[in-house]
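Let me begin by presenting the structure, written as structure tokens, before commenting on it.
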Amino acid sequence: MSDEDTHVVLARLLRLRDRREPMVWQIAEWVGSGIIEGRLEPGQDLNSVELSRRFDTSRTPVREALMLLEQEGLVEMKARRRPRVAAPSPQDIRDIYQVRRQLLSMLAGLLVERATDEELAGLRARVEEMRGLADGGDVDAYFWSHVRLQERMTEIVGNATLKQILDSLALRTLMLRHLSLTRSGRLAYSVDDQERLLQACEERDGELASALIAGATVRALRAVEEQLEQDAGQARKPTRRRRAAAS
């Protein structure tokens with residue numbers, strides 16, 4: 001997936017095309033993609049002055065962009081504190097994935113019912129491209145291709161309410177979904193899941209398709225939890241070394 005396609009996805013989810021200030025678009029896209037792809041880490045400060053210098057603008061569009069990202073759960077803004085990247089709690093993450101599992105199970109069942117053979121062939125071509133990205137270890141490109149694949153599935157299903165609910169969760173889950181793919185071996189597991197799901201759809205087995213996507217969502221949650229636990233362990237190591245040196 002190209003950088004241009006990535007911007008299109010983010011612009012749609014953030015509803016940036018409804019805004020007249022191009023600078024707000026640019027800042028929100030840069031910060032949003034940085035959070036999702038892990039360049040900006042949970043809990044990291046977002047310095048408005050530094051951002052205004054980066055984009056050669058006043059602090060007003062910076063603040064507006066950060067407020068927009070706050071509404072979507074990517075940024076935290078509290079009184080008398082710098083804005084920072086949101087850090088969802090373990091329970092928040094489990095709750096999000098519980099809802100996502102149910103919604104995606106519904107999506108898979110409807111896809112089996114409503115997708116034409118031609119539309120499934122189009123999905124098959126996308127998954128084959130994703131296999132190449134997974135084999136090449138390109139996490140970011142694979143991730144955005146996966147995002148676009150699921151968007152295409154919702155378009156095919158044509159349930160506006162389901163799409164609206166998935167979109168409302170999308171930005172809160174993108175960071176977590178990207179994080180899950182950074183685990184060793186996860187790209188291969190993920191593309192295998194997509195291929196099995198597509199095969200079930202081609203065989204018109206709605207029950208199996210729903211079960212497969214639910215299982216893939218559970219495995220993604222497990223990968224997120226394992227990666228967060230690993231990151232927390234690494235963050236504690238310097239503290240332990242300092243304590244040992246002081247003793």
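Note on naming: chains are A, B, ... as they come in the structure tokens, residues start from 1 per chain, ligands start from 1 in the order shown.
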
Can you tell me, as a tab-separated table (two decimals) with all heavy atoms, in the first residue's frame, what residues are no more than 8 Å from region 89-94 of chain A when counting only C-alpha atoms, ignoring any on the same chain fewer than 4 positions away?
chain	number	residue	atom	x	y	z
A	98	GLN	N	-12.64	-7.61	22.37
A	98	GLN	CA	-13.86	-8.39	22.55
A	98	GLN	C	-14.95	-7.91	21.61
A	98	GLN	O	-15.63	-8.71	20.94
A	98	GLN	CB	-14.34	-8.28	24.00
A	98	GLN	CG	-15.58	-9.12	24.30
A	98	GLN	CD	-16.01	-8.98	25.75
A	98	GLN	OE1	-16.07	-7.87	26.29
A	98	GLN	NE2	-16.31	-10.10	26.39
A	221	LEU	N	-4.91	-10.31	19.72
A	221	LEU	CA	-4.93	-9.78	21.08
A	221	LEU	C	-3.80	-10.38	21.91
A	221	LEU	O	-3.10	-9.67	22.64
A	221	LEU	CB	-6.28	-10.07	21.74
A	221	LEU	CG	-6.36	-9.78	23.25
A	221	LEU	CD1	-6.06	-8.32	23.55
A	221	LEU	CD2	-7.74	-10.18	23.79
A	225	GLU	N	-0.74	-8.36	23.80
A	225	GLU	CA	-0.45	-8.48	25.24
A	225	GLU	C	0.98	-8.95	25.47
A	225	GLU	O	1.67	-8.45	26.37
A	225	GLU	CB	-1.45	-9.44	25.88
A	225	GLU	CG	-2.87	-8.89	25.92
A	225	GLU	CD	-3.88	-9.88	26.46
A	225	GLU	OE1	-3.68	-11.10	26.28
A	225	GLU	OE2	-4.88	-9.44	27.06

### All strand (DSSP E) positions in chain A, as number ranges by chain
A: 75-76, 84-85

Same residues, C-alpha atoms, saved as an mmCIF file, in the first residue's frame:
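Saved as again.cif:
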data_model
loop_
_atom_site.group_PDB
_atom_site.id
_atom_site.type_symbol
_atom_site.label_atom_id
_atom_site.label_comp_id
_atom_site.auth_asym_id
_atom_site.auth_seq_id
_atom_site.Cartn_x
_atom_site.Cartn_y
_atom_site.Cartn_z
ATOM 1 C CA VAL A 75 -3.972 11.367 22.112
ATOM 2 C CA GLU A 76 -4.537 12.367 25.734
ATOM 3 C CA ARG A 84 0.766 12.818 24.989
ATOM 4 C CA VAL A 85 0.213 9.632 23.030
#

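When only C-alpha atoms are used to compute distances to Ser190 (chain A), the closest of the residues A:Ser58, A:Ser52, A:Ser168, A:Thr217 turns out to be A:Thr217.
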
Restrict the calculation to only C-alpha atoms, then for each residue of region 64-154 of chain A with any atom at most 8 Å from an atom of region 201-214 of chain A give the closest atom pair and their distance in Å to one decimal, rows by chain and rising residue number, as a tab-separated table.
residue	atom	partner	partner_atom	distance
A:Arg101	CA	A:Ala214	CA	5.2
A:Gln102	CA	A:Ala214	CA	7.2
A:Leu104	CA	A:Ile213	CA	6.6
A:Ser105	CA	A:Ser210	CA	4.3
A:Met106	CA	A:Ser210	CA	6.8
A:Leu107	CA	A:Ser210	CA	7.8
A:Ala108	CA	A:Ser210	CA	5.2
A:Gly109	CA	A:Gly206	CA	4.7
A:Leu110	CA	A:Gly206	CA	7.6
A:Leu111	CA	A:Cys201	CA	7.1
A:Val112	CA	A:Cys201	CA	5.0
A:Glu113	CA	A:Arg204	CA	7.4
A:Asp117	CA	A:Glu202	CA	7.6
A:Leu120	CA	A:Glu202	CA	6.9

### Query
What residues in region 59-222 of chain A get the DSSP label helix (DSSP H, G or I)? Please answer as a PyMOL selection string.
chain A and resi 59-71+90-114+117-135+139-157+160-181+186-202+206-222

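You can rank A:Arg114, A:Arg148, A:Arg183, A:Arg81 by their closest distance to Arg12 (chain A) using only C-alpha atoms, and at the top of that list sits A:Arg148.
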
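For the residues A:Pro42, A:Leu169, A:Gln194, A:Val224, ranking by smallest atom-to-atom distance to Glu129 (chain A) using only C-alpha atoms places A:Gln194 first.
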
### Selection near region 31-35 of chain A, 7 Å with only C-alpha atoms, sequence-local residues under 5 positions removed, as a PyMOL selection string
chain A and resi 40-41+175
